[in-house]
Every structure is written in structure tokens, then in C-alpha cells.
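Chemist: Just one file: coords_36.pdb, with PDB, C-alpha atoms.
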ATOM      1  CA  MET A  14      87.345 115.411  89.658
ATOM      2  CA  THR A  15      89.201 117.833  91.933
ATOM      3  CA  GLU A  16      91.338 120.520  90.351
ATOM      4  CA  ARG A  17      94.878 119.316  89.747
ATOM      5  CA  GLN A  18      97.468 119.118  87.044
ATOM      6  CA  HIS A  19      96.297 115.897  85.398
ATOM      7  CA  ALA A  20      94.095 112.831  85.845
ATOM      8  CA  THR A  21      95.317 109.327  86.638
ATOM      9  CA  TRP A  22      95.439 106.586  83.980
ATOM     10  CA  GLY A  23      92.510 104.824  85.630
ATOM     11  CA  GLU A  24      90.385 107.999  85.598
ATOM     12  CA  LEU A  25      91.246 108.670  81.958
ATOM     13  CA  LEU A  26      90.202 105.144  80.985
ATOM     14  CA  ARG A  27      86.946 105.341  82.938
ATOM     15  CA  ASP A  28      86.056 108.702  81.356
ATOM     16  CA  ALA A  29      86.808 107.293  77.896
ATOM     17  CA  VAL A  30      84.562 104.295  78.555
ATOM     18  CA  GLU A  31      81.699 106.407  79.879
ATOM     19  CA  VAL A  32      81.787 109.122  77.190
ATOM     20  CA  PRO A  33      81.182 107.845  73.623
ATOM     21  CA  GLY A  34      83.414 109.619  71.117
ATOM     22  CA  ARG A  35      86.131 110.502  73.643
ATOM     23  CA  LEU A  36      88.544 107.887  72.257
ATOM     24  CA  LEU A  37      87.991 108.960  68.650
ATOM     25  CA  GLU A  38      88.470 112.610  69.585
ATOM     26  CA  ALA A  39      91.745 111.840  71.360
ATOM     27  CA  TYR A  40      93.091 109.745  68.484
ATOM     28  CA  THR A  41      92.049 112.278  65.860
ATOM     29  CA  ALA A  42      93.809 115.132  67.642
ATOM     30  CA  PHE A  43      96.868 113.362  69.045
ATOM     31  CA  HIS A  44      97.442 110.156  67.042
ATOM     32  CA  ASN A  45     101.218 110.714  66.970
ATOM     33  CA  TYR A  46     101.403 110.113  70.721
ATOM     34  CA  SER A  47     100.765 107.100  72.931
ATOM     35  CA  PHE A  48      97.101 106.537  73.641
ATOM     36  CA  GLY A  49      97.468 107.301  77.321
ATOM     37  CA  ASN A  50      99.117 110.620  76.519
ATOM     38  CA  ALA A  51      96.466 111.366  73.871
ATOM     39  CA  LEU A  52      93.698 111.027  76.463
ATOM     40  CA  LEU A  53      95.775 112.951  78.998
ATOM     41  CA  ALA A  54      96.208 115.845  76.544
ATOM     42  CA  LEU A  55      92.500 115.780  75.634
ATOM     43  CA  GLU A  56      91.466 115.874  79.306
ATOM     44  CA  GLN A  57      93.557 119.008  79.838
ATOM     45  CA  CYS A  58      92.206 120.655  76.679
ATOM     46  CA  ILE A  59      88.624 120.049  77.806
ATOM     47  CA  ARG A  60      89.317 121.311  81.324
ATOM     48  CA  ARG A  61      91.141 124.423  80.061
ATOM     49  CA  ASP A  62      88.738 125.108  77.163
ATOM     50  CA  LEU A  63      91.456 124.606  74.544
ATOM     51  CA  ARG A  64      90.653 123.280  71.081
ATOM     52  CA  PRO A  65      92.295 119.831  70.763
ATOM     53  CA  GLY A  66      94.811 119.654  67.958
ATOM     54  CA  PRO A  67      98.391 118.862  67.010
ATOM     55  CA  LEU A  68     100.941 118.984  69.846
ATOM     56  CA  ASN A  69     104.515 120.188  69.765
ATOM     57  CA  THR A  70     107.145 121.644  72.046
ATOM     58  CA  TYR A  71     107.955 125.358  72.118
ATOM     59  CA  ARG A  72     111.025 124.753  69.944
ATOM     60  CA  GLY A  73     109.098 122.380  67.689
ATOM     61  CA  TRP A  74     106.510 125.046  66.892
ATOM     62  CA  LEU A  75     109.260 127.561  66.135
ATOM     63  CA  GLU A  76     110.690 125.105  63.603
ATOM     64  CA  ARG A  77     107.246 125.056  61.959
ATOM     65  CA  LYS A  78     107.279 128.865  61.862
ATOM     66  CA  ARG A  79     104.692 129.207  64.600
ATOM     67  CA  LYS A  80     105.146 130.829  68.000
ATOM     68  CA  VAL A  81     103.542 129.924  71.328
ATOM     69  CA  ARG A  82     101.520 132.897  72.548
ATOM     70  CA  LYS A  83     102.860 134.690  75.604
ATOM     71  CA  GLY A  84     101.405 133.430  78.884
ATOM     72  CA  GLU A  85     100.258 130.061  77.553
ATOM     73  CA  LYS A  86     100.651 127.134  79.975
ATOM     74  CA  GLY A  87     102.127 123.908  78.612
ATOM     75  CA  VAL A  88     100.208 120.653  78.285
ATOM     76  CA  THR A  89     101.501 117.879  80.544
ATOM     77  CA  LEU A  90     102.450 114.473  79.124
ATOM     78  CA  CYS A  91     104.126 111.421  80.625
ATOM     79  CA  MET A  92     107.627 110.838  79.244
ATOM     80  CA  PRO A  93     110.475 108.382  79.967
ATOM     81  CA  MET A  94     113.540 109.945  81.621
ATOM     82  CA  PRO A  95     116.738 107.894  81.202
ATOM     83  CA  PHE A  96     119.232 107.500  84.043
ATOM     84  CA  LYS A  97     122.301 105.362  84.704
ATOM     85  CA  ARG A  98     122.543 102.896  87.596
ATOM     86  CA  ALA A  99     124.946 100.121  88.516
ATOM     87  CA  ALA A 100     123.676  96.570  88.687
ATOM     88  CA  GLN A 101     122.504  95.311  92.089
ATOM     89  CA  ALA A 102     123.022  92.010  93.873
ATOM     90  CA  ASP A 103     120.910  91.286  96.959
ATOM     91  CA  GLY A 104     119.894  94.945  97.058
ATOM     92  CA  VAL A 105     123.512  96.212  97.070
ATOM     93  CA  GLN A 106     124.921  98.126  94.116
ATOM     94  CA  ASP A 107     128.031  96.691  92.475
ATOM     95  CA  GLN A 108     130.183  99.792  92.003
ATOM     96  CA  THR A 109     132.572  97.885  89.720
ATOM     97  CA  ALA A 110     129.838  96.866  87.277
ATOM     98  CA  GLU A 111     129.116  98.777  84.083
ATOM     99  CA  LEU A 112     126.363 101.352  84.469
ATOM    100  CA  GLN A 113     123.060 100.334  82.880
ATOM    101  CA  THR A 114     120.423 102.635  81.422
ATOM    102  CA  HIS A 115     117.049 102.626  83.185
ATOM    103  CA  TYR A 116     113.955 104.752  82.692
ATOM    104  CA  ALA A 117     111.702 106.581  85.120
ATOM    105  CA  PHE A 118     108.412 108.031  83.888
ATOM    106  CA  ARG A 119     107.775 111.662  84.774
ATOM    107  CA  PHE A 120     105.019 114.150  83.958
ATOM    108  CA  ARG A 121     106.327 117.262  82.191
ATOM    109  CA  ALA A 122     104.462 120.309  80.812
ATOM    110  CA  TYR A 123     106.613 120.757  77.703
ATOM    111  CA  TRP A 124     103.930 120.673  74.969
ATOM    112  CA  PHE A 125     101.482 123.143  73.450
ATOM    113  CA  VAL A 126      98.495 122.522  71.178
ATOM    114  CA  LEU A 127      98.063 124.334  67.875
ATOM    115  CA  ALA A 128      95.384 126.577  69.405
ATOM    116  CA  GLN A 129      98.028 128.019  71.746
ATOM    117  CA  THR A 130     100.211 129.197  68.865
ATOM    118  CA  GLU A 131     100.150 131.879  66.213
ATOM    119  CA  GLY A 132     101.955 132.407  62.928
ATOM    120  CA  GLU A 133     101.639 132.575  59.182
ATOM    121  CA  ASN A 134     102.367 128.919  58.531
ATOM    122  CA  THR A 135      99.174 126.855  58.122
ATOM    123  CA  TYR A 136      99.407 123.480  59.820
ATOM    124  CA  VAL A 137      97.287 120.597  58.525
ATOM    125  CA  ALA A 138      97.362 117.230  60.297
ATOM    126  CA  SER A 139      96.375 114.039  58.497
ATOM    127  CA  ILE A 140      95.080 110.836  60.077
ATOM    128  CA  PRO A 141      96.944 107.744  58.844
ATOM    129  CA  GLY A 142      95.130 104.664  57.572
ATOM    130  CA  PHE A 143      95.200 101.285  59.313
ATOM    131  CA  ASP A 144      96.042  97.849  57.867
ATOM    132  CA  ILE A 145      95.239  94.833  60.051
ATOM    133  CA  ASP A 146      97.510  92.506  58.054
ATOM    134  CA  MET A 147     100.402  94.949  58.488
ATOM    135  CA  ALA A 148      99.704  95.045  62.219
ATOM    136  CA  LEU A 149      99.756  91.254  62.511
ATOM    137  CA  ARG A 150     103.078  91.040  60.652
ATOM    138  CA  ALA A 151     104.658  93.797  62.718
ATOM    139  CA  LEU A 152     103.502  92.190  65.966
ATOM    140  CA  ASN A 153     104.623  88.709  64.824
ATOM    141  CA  ILE A 154     101.100  87.324  65.209
ATOM    142  CA  THR A 155      99.614  84.719  62.866
ATOM    143  CA  SER A 156      95.936  84.414  61.994
ATOM    144  CA  THR A 157      95.005  80.720  61.785
ATOM    145  CA  PRO A 158      91.817  78.853  60.770
ATOM    146  CA  PHE A 159      89.156  78.561  63.454
ATOM    147  CA  ASP A 160      88.896  74.915  64.550
ATOM    148  CA  GLU A 161      86.818  75.034  67.735
ATOM    149  CA  LEU A 162      83.730  72.793  67.788
ATOM    150  CA  ASN A 163      81.855  75.078  70.206
ATOM    151  CA  GLY A 164      80.014  77.539  67.978
ATOM    152  CA  ASN A 165      79.504  79.990  70.854
ATOM    153  CA  ILE A 166      83.238  80.684  71.014
ATOM    154  CA  GLN A 167      83.970  83.902  69.153
ATOM    155  CA  GLY A 168      87.739  83.477  68.930
ATOM    156  CA  PHE A 169      90.868  82.395  70.746
ATOM    157  CA  ALA A 170      94.510  83.278  71.262
ATOM    158  CA  ASN A 171      97.224  80.674  71.662
ATOM    159  CA  GLY A 172     100.900  81.611  71.856
ATOM    160  CA  ARG A 173     101.456  84.018  68.945
ATOM    161  CA  LYS A 174      98.383  82.823  67.020
ATOM    162  CA  ILE A 175      94.784  84.007  66.899
ATOM    163  CA  ALA A 176      91.670  82.519  65.328
ATOM    164  CA  VAL A 177      88.295  84.191  64.872
ATOM    165  CA  ASN A 178      85.034  82.343  64.344
ATOM    166  CA  PRO A 179      83.942  82.958  60.705
ATOM    167  CA  ILE A 180      80.427  83.640  62.012
ATOM    168  CA  ALA A 181      81.559  85.783  64.955
ATOM    169  CA  THR A 182      79.002  88.425  65.926
ATOM    170  CA  LEU A 183      81.605  91.225  65.807
ATOM    171  CA  PRO A 184      84.662  89.942  63.912
ATOM    172  CA  HIS A 185      86.690  93.180  64.093
ATOM    173  CA  LYS A 186      86.100  93.511  67.825
ATOM    174  CA  THR A 187      86.982  89.860  68.389
ATOM    175  CA  THR A 188      90.152  90.178  66.280
ATOM    176  CA  PHE A 189      91.414  93.132  68.318
ATOM    177  CA  HIS A 190      90.428  91.375  71.551
ATOM    178  CA  GLU A 191      92.523  88.312  70.679
ATOM    179  CA  ILE A 192      95.471  90.389  69.464
ATOM    180  CA  ALA A 193      95.306  92.267  72.758
ATOM    181  CA  HIS A 194      95.559  89.017  74.731
ATOM    182  CA  ILE A 195      98.865  88.332  72.992
ATOM    183  CA  VAL A 196     100.275  91.865  73.224
ATOM    184  CA  LEU A 197      99.339  91.980  76.923
ATOM    185  CA  GLY A 198     101.099  88.644  77.528
ATOM    186  CA  HIS A 199      97.948  86.765  78.532
ATOM    187  CA  SER A 200      98.379  83.854  76.103
ATOM    188  CA  THR A 201     101.940  82.794  76.927
ATOM    189  CA  SER A 202     100.990  79.891  79.181
ATOM    190  CA  GLU A 203      97.565  78.729  78.043
ATOM    191  CA  LYS A 204      95.040  78.817  75.264
ATOM    192  CA  LEU A 205      92.474  81.544  75.825
ATOM    193  CA  VAL A 206      89.033  81.190  74.288
ATOM    194  CA  ASP A 207      86.344  83.864  74.261
ATOM    195  CA  CYS A 208      82.612  83.282  74.181
ATOM    196  CA  GLU A 209      79.973  85.911  73.500
ATOM    197  CA  ARG A 210      79.935  86.690  77.225
ATOM    198  CA  THR A 211      83.405  86.515  78.749
ATOM    199  CA  ALA A 212      84.130  85.959  82.432
ATOM    200  CA  LYS A 213      84.575  88.880  84.817
ATOM    201  CA  HIS A 214      88.344  88.698  85.026
ATOM    202  CA  ILE A 215      90.979  91.393  84.750
ATOM    203  CA  ARG A 216      92.555  89.728  81.696
ATOM    204  CA  GLU A 217      89.263  89.920  79.826
ATOM    205  CA  VAL A 218      88.643  93.511  80.869
ATOM    206  CA  GLU A 219      92.125  94.512  79.694
ATOM    207  CA  ALA A 220      91.651  92.825  76.309
ATOM    208  CA  GLU A 221      88.122  94.225  75.881
ATOM    209  CA  SER A 222      89.358  97.719  76.743
ATOM    210  CA  VAL A 223      92.026  97.475  74.056
ATOM    211  CA  ALA A 224      89.382  96.278  71.581
ATOM    212  CA  LEU A 225      87.211  99.270  72.512
ATOM    213  CA  ILE A 226      90.042 101.719  71.863
ATOM    214  CA  CYS A 227      90.894 100.155  68.501
ATOM    215  CA  CYS A 228      87.285  99.857  67.285
ATOM    216  CA  GLU A 229      86.234 103.357  68.265
ATOM    217  CA  THR A 230      89.333 105.143  66.965
ATOM    218  CA  LEU A 231      89.074 103.322  63.634
ATOM    219  CA  GLY A 232      85.300 103.750  63.345
ATOM    220  CA  LEU A 233      84.614  99.998  63.400
ATOM    221  CA  GLU A 234      81.518  98.255  64.721
ATOM    222  CA  GLY A 235      81.784  96.810  68.219
ATOM    223  CA  ALA A 236      82.659  99.801  70.412
ATOM    224  CA  ASP A 237      79.177  99.902  71.992
ATOM    225  CA  PHE A 238      79.374  96.226  72.925
ATOM    226  CA  CYS A 239      82.809  96.745  74.511
ATOM    227  CA  ARG A 240      81.663  99.849  76.369
ATOM    228  CA  GLY A 241      78.644  98.123  77.878
ATOM    229  CA  TYR A 242      80.672  95.183  79.115
ATOM    230  CA  ILE A 243      83.441  97.342  80.598
ATOM    231  CA  GLN A 244      80.963  99.705  82.274
ATOM    232  CA  HIS A 245      79.241  96.715  83.848
ATOM    233  CA  TRP A 246      82.563  95.458  85.241
ATOM    234  CA  LEU A 247      83.540  98.903  86.527
ATOM    235  CA  LYS A 248      80.199  99.205  88.295
ATOM    236  CA  ASP A 249      80.681  95.907  90.116
ATOM    237  CA  GLU A 250      84.412  96.052  90.772
ATOM    238  CA  GLN A 251      85.036  99.833  91.005
ATOM    239  CA  ASP A 252      87.884 101.395  88.991
ATOM    240  CA  ILE A 253      90.412  99.568  86.853
ATOM    241  CA  PRO A 254      93.770  99.964  88.656
ATOM    242  CA  ASN A 255      96.157 102.566  87.243
ATOM    243  CA  SER A 256      98.735  99.867  86.470
ATOM    244  CA  SER A 257      96.184  97.928  84.414
ATOM    245  CA  ALA A 258      94.978 101.097  82.641
ATOM    246  CA  ALA A 259      98.577 101.912  81.709
ATOM    247  CA  ARG A 260      98.989  98.408  80.230
ATOM    248  CA  ILE A 261      95.775  98.845  78.240
ATOM    249  CA  PHE A 262      96.922 102.182  76.779
ATOM    250  CA  ALA A 263     100.357 100.751  75.918
ATOM    251  CA  ALA A 264      98.875  97.693  74.180
ATOM    252  CA  ALA A 265      96.389  99.762  72.163
ATOM    253  CA  THR A 266      99.173 102.129  71.122
ATOM    254  CA  SER A 267     101.329  99.200  69.972
ATOM    255  CA  ILE A 268      98.529  97.685  67.892
ATOM    256  CA  LEU A 269      97.459 100.955  66.246
ATOM    257  CA  LYS A 270     101.033 101.956  65.412
ATOM    258  CA  ALA A 271     101.828  98.466  64.099
ATOM    259  CA  GLY A 272      99.072  98.811  61.500
ATOM    260  CA  THR A 273      99.840 102.397  60.535
ATOM    261  CA  PRO A 274     102.251 103.084  57.656
ATOM    262  CA  ALA A 275     105.215 105.254  58.608
ATOM    263  CA  ALA A 276     105.356 108.781  57.208
ATOM    264  CA  GLY A 277     106.379 108.736  53.575
ATOM    265  CA  GLU A 278     105.405 105.103  52.900
TER     266      GLU A 278
END
Please express the file's structure as C-alpha cells.

Modeler:
Amino acid sequence: MTERQHATWGELLRDAVEVPGRLLEAYTAFHNYSFGNALLALEQCIRRDLRPGPLNTYRGWLERKRKVRKGEKGVTLCMPMPFKRAAQADGVQDQTAELQTHYAFRFRAYWFVLAQTEGENTYVASIPGFDIDMALRALNITSTPFDELNGNIQGFANGRKIAVNPIATLPHKTTFHEIAHIVLGHSTSEKLVDCERTAKHIREVEAESVALICCETLGLEGADFCRGYIQHWLKDEQDIPNSSAARIFAAATSILKAGTPAAGE
């Protein structure tokens, strides 16, 4: 990778697939941030020989009684920037219409890792637990009995419902795969079934990538299976597009946060 400020979403996803442990390392260090930003921060830490750890802004560290060391360069993350714009009709803005809030995503170097700070206050980060039932409730997804006659089918997603074969080879992986189909919007128009070997299609790669992120960050069996399948697809079809990688990171973030108790609960 040539020297530049940050990698693309597609490059971050490919690196995470090719390097076992990269996803877990990113989630452990930066679980409070979106998964795309967690991998983005980890990539910069590795490139700049910084120890991955909790992130905060300059002001945020001051509030925790720590100070960013002089000369330290901020870590870049992707953040939404709100702006106002009038509604458009046929490409022409209606100046009489009420202004609406829109968001543009920009990369900003506003954050610093713990290793870039100093102070007397000791900072200890804790990794939250994960509850799959809580995640399903928060995402408005129902787990239903498996009623497919084909025993090779591992699970399916239909509307806002999922079902996993009780003798599925990797039940946790299959569960996350089916949840991902729904979160990604794949199951809105048809019933999606998954066999042990899914077709080479972008929908399946997106769902399998989300399953990989969830399994590896939570230490569940199935990450190696996901990694092998995704690597095979990447080899044949080149890189996953940045737009698809961004959707994968967003879906994985939604699922992991949905099953994580809020602070203080």
C-alpha cells in the first residue's frame, strides 16, 4: 500500500480477511466506534507504530485528566458532517422550501490513542458482553422454527424472520449470516436460503463478511470458514467495492451494538 493518510474501506476489509486476528484486535481496542472506523484506526496505529488503544479527542483526553503529547499527529476517522439544503425538484432547488438536514462523510484527524497521551489518571477500557437475544429484539428480527425439508440448507432469512437448521454445521456463523441478510436489506423481496456452499454473489459475500466480523470479534467458531470463502471470492473477482465494504462495516456495527448493553445497564 502506498504511503497516504488512510486506506479505503475495500482495502481495510481485504486486510482484515487476509490477516487472522485483525478484526478482534480492532474491536478490542476501538469497540466504541463503528467497525469501519475501528479498522481504519488500527491500520494507522500499525503503520505509525502506535499501540492500539482507547481513542478520544484532544479535549476529551483533557476531561479525563490526560494530555496529548506535543507533536503527536491525530488519528483520522470518517465522520458525518451535517449541512442544510433546500429540497430539489427536477434538479432545481426550491428556495421557498424549508431547509433539510443532510450529511456528508468526511475524514478528519481529530482523535488520539491512549499511547499518544500522558497524565496521572489511569485509563482502563472494558469490553462489553454480547447477547444475541437482545440483538434480535433491538433489530426487530424474529427467530422462527426451521421448516425446510432440504437438510443441506443451513438457514434462511425471510422478511424480518430468520431460521437456523438445528443441525447446522456452524450455528453461530449461520445466525449472524442470516441476520446480516436482513440488516443489509437482502431479504425484503424474497426468501433467501443458504446451503453449506453458497453461490458466488455479492449478497452472499456481504452477509458472510458480516458473519466473519461478528464471529471473530466475539471469539465464536466459524471465522475460519468465513475467511476461506471470502478469500476465494476475492481471488476470483478481485476486491470488494468500497461501497459494499462500507455496507458490511455498517451492518456489523449495527448487529454488535444491538447486542451490547449500554453503559450502566

Chemist: Apply the PyMOL selection byres ((chain A and resi 48) around 8) to the displayed file and report the matching residues as a count of residues only.

Modeler: 13

Chemist: Let me make sure I understand: among A:Lys186, A:Arg27, A:Lys174, A:Lys80, which one has the smallest atom-to-atom distance to Leu231 in chain A if we use only C-alpha atoms?

Modeler: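 Smallest separation from Leu231 in chain A among the options: A:Lys186.
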
Chemist: On this file, the PyMOL selection byres ((chain A and resi 41) around 10) gives some set of residues; write that set as a PyMOL selection string.

Modeler: chain A and resi 35-40+42-45+51+65-67+138-141+230-231

Chemist: Calculated over all atoms listed in the file, which of the candidates A:Asp160, A:Glu229, A:Glu24, A:Glu85 has the smallest distance to Asn255 in chain A?

Modeler: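 Nearest candidate to Asn255 in chain A out of A:Asp160, A:Glu229, A:Glu24, A:Glu85: A:Glu24.
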
Chemist: Please write the residues picked by the PyMOL selection byres ((chain A and resi 240) around 12) on this file as an MDAnalysis selection string.

Modeler: chainID A and resid 26:36 186 218 221:226 228:229 234:239 241:247

Chemist: One number please: CA of Asp144 in chain A to CA of His185 in chain A, in Å, one decimal.

Modeler: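 Rounded to one decimal, the two atoms are 12.2 Å apart.
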
Chemist: What separation in Å, quoted to one decimal, exists between CA of Cys227 in chain A and CA of His190 in chain A?

Modeler: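 Atom-to-atom, CA of Cys227 in chain A and CA of His190 in chain A are spaced 9.3 Å apart.
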
Chemist: Between A:Thr188, A:Leu162, A:Trp124, A:Arg119, which residue has the minimum interatomic distance to Arg72 in chain A, considering all atoms listed in the file?

Modeler: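 Smallest distance to Arg72 in chain A is found for A:Trp124.
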